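First comes the structure, then the notes that go with it.
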Amino acid sequence: MSDNRPLILCLDDDPDILSFLQIVLESEGYAFVGANSAVEGLRTYKEVDPDVVIVDLMMEEVDAGTGFVKEIQLLGNKAPVFMLSSVGDNLSMTTDYSALGLSGVFQKPLTKELLLTVLKTKLAETAQV
């Protein structure tokens with residue numbers, strides 16, 4: 001990003017979630033780019049080179065989020081990726097997050113405080129590498 005603000009790419013098919021993420025992130029000085037499907041998200045990912053990716057697990061298809069993460073891995077993604085999930089604790093039993101290379105999972109409903117704390121920590125870690 002030319003203005004040096006960290007760019008966060010957010011994918012979710014729920015416009016309310018995208019609006020929440022945009023308001024929270026932009027109010028804290030982050031640049032926001034949103035997409036409402038895995039297909040749109042992949043196209044946007046290739047265009048913007050985000051610093052962090054937040055992707056909903058279940059969008060237009062049950063495993064659309066997982067498929068998106070696998071696709072960006074094939075593209076050599078280096079940005080931290082966080083999965084958004086409303087599935088609950090059973091999600092960890094059905095999905096191997098280490099194999100997907102995720103930096104973490106946010107449980108819906110997501111709070112502003114948790115989102116910002118995790119992002120600040122992760123961006124500080126990646127800046128030191």
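In the structure tokens, the first chain shown is A, the next is B, and so on; residue numbers restart at 1 for each chain, and ligands run from 1 in the order shown.
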As a count of residues only, please: every residue in chain A that a backbone DSSP assignment puts in strand (DSSP E or B).
24
Can you pull out every residue within 8 Å of range 34-38 of chain A, counting only C-alpha atoms, but drop anything in the same chain fewer than 3 positions away, and send it as number ranges by chain?
A: 9-15, 18, 22, 41-42, 44, 59-60, 64-65, 67-68
Would you please work out which residue, of A:Pro50, A:Ile72, A:Glu40, A:Pro6, is nearest to Ala127 in chain A when using only C-alpha atoms?
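So, comparing all the options, the nearest one is A:Pro6.
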Residues near Ile8 in chain A, anyone? I mean within 8 Å using only C-alpha atoms, not counting same-chain ones fewer than 4 positions away, as a list in words.
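Here the qualifying residues turn out to be Tyr30, Ala31, Phe32, Val33, Pro50, Asp51, Val52, Val53 and Ile54 of chain A.
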Residue among A:Gly29, A:Phe20, A:Val39, A:Gln73 lying closest to Arg5 in chain A, counting only C-alpha atoms:
A:Gly29
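Our summary of the geometry notes that CA of Met58 in chain A is positioned 7.5 Å from CA of Ser85 in chain A.
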Please report, as a ChimeraX atom specification, each residue of chain A to which DSSP assigns helix (DSSP H, G or I) when run on this structure's backbone.
/A:15-27,38-48,64-74,91-94,97-100,112-128
So that I can see what lies close to Thr111 in chain A, please list as a list of chain:residue names the residues with an atom at most 10 Å from it, counting only C-alpha atoms and leaving out residues fewer than 3 positions away in the same chain.
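So, after excluding close chain neighbours, the residues are A:Phe20, A:Leu21, A:Val24, A:Phe106, A:Gln107, A:Lys108, A:Leu114, A:Leu115, A:Leu116.
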Write a file of the selected residues as a PDB file, in the first residue's frame, keeping N, CA and C atoms.
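Output (result37.pdb):
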ATOM      1  N   PHE A  20     -18.834  -4.337   9.406  1.00  0.00           N
ATOM      2  CA  PHE A  20     -18.230  -4.300  10.740  1.00  0.00           C
ATOM      3  C   PHE A  20     -16.711  -4.281  10.628  1.00  0.00           C
ATOM      4  N   LEU A  21     -16.160  -5.185   9.826  1.00  0.00           N
ATOM      5  CA  LEU A  21     -14.707  -5.248   9.668  1.00  0.00           C
ATOM      6  C   LEU A  21     -14.154  -3.952   9.081  1.00  0.00           C
ATOM      7  N   VAL A  24     -14.308  -1.088  11.790  1.00  0.00           N
ATOM      8  CA  VAL A  24     -13.323  -1.297  12.851  1.00  0.00           C
ATOM      9  C   VAL A  24     -11.910  -1.081  12.327  1.00  0.00           C
ATOM     10  N   PHE A 106     -10.951 -16.863  14.166  1.00  0.00           N
ATOM     11  CA  PHE A 106     -11.834 -15.971  14.907  1.00  0.00           C
ATOM     12  C   PHE A 106     -13.218 -16.591  14.942  1.00  0.00           C
ATOM     13  N   GLN A 107     -13.772 -16.700  16.133  1.00  0.00           N
ATOM     14  CA  GLN A 107     -15.116 -17.220  16.301  1.00  0.00           C
ATOM     15  C   GLN A 107     -16.119 -16.081  16.193  1.00  0.00           C
ATOM     16  N   LYS A 108     -17.156 -16.257  15.381  1.00  0.00           N
ATOM     17  CA  LYS A 108     -18.233 -15.278  15.308  1.00  0.00           C
ATOM     18  C   LYS A 108     -19.169 -15.481  16.493  1.00  0.00           C
ATOM     19  N   LEU A 114     -10.880  -8.082  20.396  1.00  0.00           N
ATOM     20  CA  LEU A 114     -10.114  -9.279  20.040  1.00  0.00           C
ATOM     21  C   LEU A 114      -9.474  -9.124  18.664  1.00  0.00           C
ATOM     22  N   LEU A 115     -10.244  -8.668  17.708  1.00  0.00           N
ATOM     23  CA  LEU A 115      -9.736  -8.472  16.349  1.00  0.00           C
ATOM     24  C   LEU A 115      -8.506  -7.569  16.347  1.00  0.00           C
ATOM     25  N   LEU A 116      -8.612  -6.422  16.978  1.00  0.00           N
ATOM     26  CA  LEU A 116      -7.517  -5.451  16.964  1.00  0.00           C
ATOM     27  C   LEU A 116      -6.293  -5.942  17.729  1.00  0.00           C
TER      28      LEU A 116
END
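Between CA of Val69 in chain A and CA of Ser19 in chain A the separation is 21.7 Å.
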